[in-house]
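Listing of coords02.txt; format and content: compact mmCIF, C-alpha atoms.
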# COMPACT_ATOMS: atom_id res chain seq x y z
CA MET Q 196 9.32 7.40 5.24
CA GLN Q 197 6.93 4.58 6.02
CA VAL Q 198 3.53 5.41 7.46
CA ARG Q 199 1.00 3.54 9.59
CA THR Q 200 -0.67 0.63 7.79
CA ASP Q 201 -3.75 -1.48 8.45
CA PHE Q 202 -1.52 -3.46 10.85
CA GLY Q 203 -1.40 -0.29 13.01
CA VAL Q 204 2.37 0.28 12.69
CA PRO Q 205 4.60 1.73 9.97
CA GLY Q 206 6.07 -0.65 7.39
CA TYR Q 207 5.12 -3.50 5.11
CA GLY Q 208 3.60 -6.43 6.99
CA GLY Q 209 3.90 -8.96 4.20
CA ALA Q 210 1.41 -11.32 2.67
CA ALA Q 211 -0.49 -13.53 5.09
CA PRO Q 212 -3.24 -15.33 3.19
CA PRO Q 213 -5.41 -17.88 4.97
CA PRO Q 214 -5.23 -21.54 3.92
CA GLY Q 215 -6.93 -22.28 0.62
CA PRO Q 216 -6.77 -20.92 -2.89
CA ALA Q 217 -4.26 -18.25 -3.88
CA HIS Q 218 -5.08 -14.62 -3.13
CA ARG Q 219 -4.37 -11.64 -5.35
CA TYR Q 220 -1.96 -8.95 -4.14
CA ILE Q 221 -1.60 -5.69 -6.07
CA PHE Q 222 1.52 -3.55 -5.65
CA THR Q 223 1.29 -0.05 -7.13
CA VAL Q 224 3.92 2.65 -7.57
CA HIS Q 225 3.00 6.27 -8.25
CA ALA Q 226 4.87 9.12 -9.96
CA LEU Q 227 4.07 12.36 -8.13
CA ASP Q 228 4.31 16.03 -9.06
CA VAL Q 229 6.03 16.85 -5.74
CA PRO Q 230 9.32 15.59 -4.23
CA GLY Q 231 7.54 14.39 -1.09
CA LEU Q 232 4.17 14.32 0.63
CA ASP Q 233 3.40 16.54 3.62
CA VAL Q 234 2.52 13.63 5.92
CA LYS Q 235 3.91 12.29 9.19
CA PRO Q 236 4.74 8.68 10.12
CA ASP Q 237 1.54 8.47 12.20
CA SER Q 238 -0.69 9.84 9.39
CA SER Q 239 -3.68 7.66 8.55
CA PRO Q 240 -3.61 5.47 5.42
CA ALA Q 241 -6.66 7.44 4.19
CA LEU Q 242 -4.78 10.75 4.35
CA VAL Q 243 -1.74 9.30 2.59
CA GLY Q 244 -3.98 7.84 -0.15
CA PHE Q 245 -5.72 11.19 -0.61
CA MET Q 246 -2.39 13.02 -0.91
CA VAL Q 247 -0.98 10.44 -3.34
CA HIS Q 248 -4.02 10.65 -5.62
CA HIS Q 249 -4.04 14.46 -5.44
CA HIS Q 250 -0.41 14.62 -6.64
CA LYS Q 251 -0.37 11.59 -8.98
CA LEU Q 252 1.06 11.99 -12.49
CA ALA Q 253 1.06 8.29 -13.39
CA SER Q 254 1.03 4.86 -11.79
CA ALA Q 255 1.88 1.25 -12.58
CA SER Q 256 0.70 -1.93 -10.88
CA LEU Q 257 1.99 -5.47 -10.51
CA THR Q 258 -0.48 -8.22 -9.60
CA ALA Q 259 0.83 -11.33 -7.86
CA LEU Q 260 -0.89 -14.49 -6.64
CA TYR Q 261 0.10 -16.10 -3.37
CA GLY Q 262 -1.58 -18.95 -1.52
CA GLY Q 263 -1.49 -20.05 2.07
CA GLN Q 264 -0.42 -23.51 3.11
CA LYS Q 265 -3.08 -26.21 3.12
CA PRO Q 266 -3.86 -27.57 6.59
Represent the supplied structure as structure tokens.
Amino acid sequence: MQVRTDFGVPGYGGAAPPPGPAHRYIFTVHALDVPGLDVKPDSSPALVGFMVHHHKLASASLTALYGGQKP
């Protein structure tokens, strides 16, 4: 299931940095102590984050740099 993001709709919106130097993007995966979270597709990102951190056993992150095109 994908839930509502800061874009206002479910799903990954992709990187969209402004022109200039590269920006840092952090992707994190979490191992949970439950098979699924009791959230709905229209749940707020804050609720999903709370539930993830409440059930988190471990996590790993990948940091990537991506820059926008120069004008």
* Using all atoms listed in the file, which residue out of Q:Ala241, Q:Ala253, Q:Val204, Q:Leu260 lies closest to Asp228 (chain Q)? ->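 Among the listed residues, Q:Ala253 lies closest to Asp228 (chain Q).
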Counting only C-alpha atoms, note down every residue that has an atom within 8 Å of the point (-8.0, -23.5, -1.3) (file coordinates), as a short mmCIF file (atom, residue, chain, number, x, y, z; two decimals) with C-alpha atoms, in the frame of the given file.
data_model
loop_
_atom_site.label_atom_id
_atom_site.label_comp_id
_atom_site.auth_asym_id
_atom_site.auth_seq_id
_atom_site.Cartn_x
_atom_site.Cartn_y
_atom_site.Cartn_z
CA PRO Q 214 -5.23 -21.54 3.92
CA GLY Q 215 -6.93 -22.28 0.62
CA PRO Q 216 -6.77 -20.92 -2.89
CA ALA Q 217 -4.26 -18.25 -3.88
CA GLY Q 262 -1.58 -18.95 -1.52
CA LYS Q 265 -3.08 -26.21 3.12
#
* Which of Q:Tyr207, Q:Arg219, Q:Pro213, Q:Ser239 sits closest to Thr258 (chain Q) [using only C-alpha atoms] ->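 Selected residue with least distance to Thr258 (chain Q): Q:Arg219.
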* So how far away is CA of Gly206 (chain Q) from CA of Leu242 (chain Q), in Å? ->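 Atom-to-atom, CA of Leu242 (chain Q) to CA of Gly206 (chain Q), that is 16.0 Å.
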* Asked: Nearest to His249 (chain Q): which of Q:His218, Q:Gly208, Q:Leu232, Q:Val224 is it, counting only C-alpha atoms?
  ->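 Closest to His249 (chain Q) of all the choices is Q:Leu232.
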* **Shell of 10 Å around Ser238 (chain Q), only C-alpha atoms, local chain residues under 2 positions omitted, as a PyMOL selection string** => chain Q and resi 197-200+205+233-236+240-243
* To do: Using all atoms listed in the file, determine which residues lie at most 10 Å from His250 (chain Q), disregarding the query and same-chain residues fewer than 4 positions distant; provide the list as a PyMOL selection string.
  => chain Q and resi 225-229+231-232+245-246
* Asked: In Å, how far is it from CA of Met196 (chain Q) to CA of Gly244 (chain Q)?
  -> 14.4 Å
* Mind pulling up the distance from CA of Phe202 (chain Q) to CA of Ser256 (chain Q)? ->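 CA of Phe202 (chain Q) lies 21.9 Å from CA of Ser256 (chain Q).
Residues in contact with Leu257 (chain Q) at 8 Å, where all atoms listed in the file are counted and same-chain residues fewer than 2 positions away are skipped, are listed as Ile221, Phe222, Thr223, Ala255 and Ala259 of chain Q.
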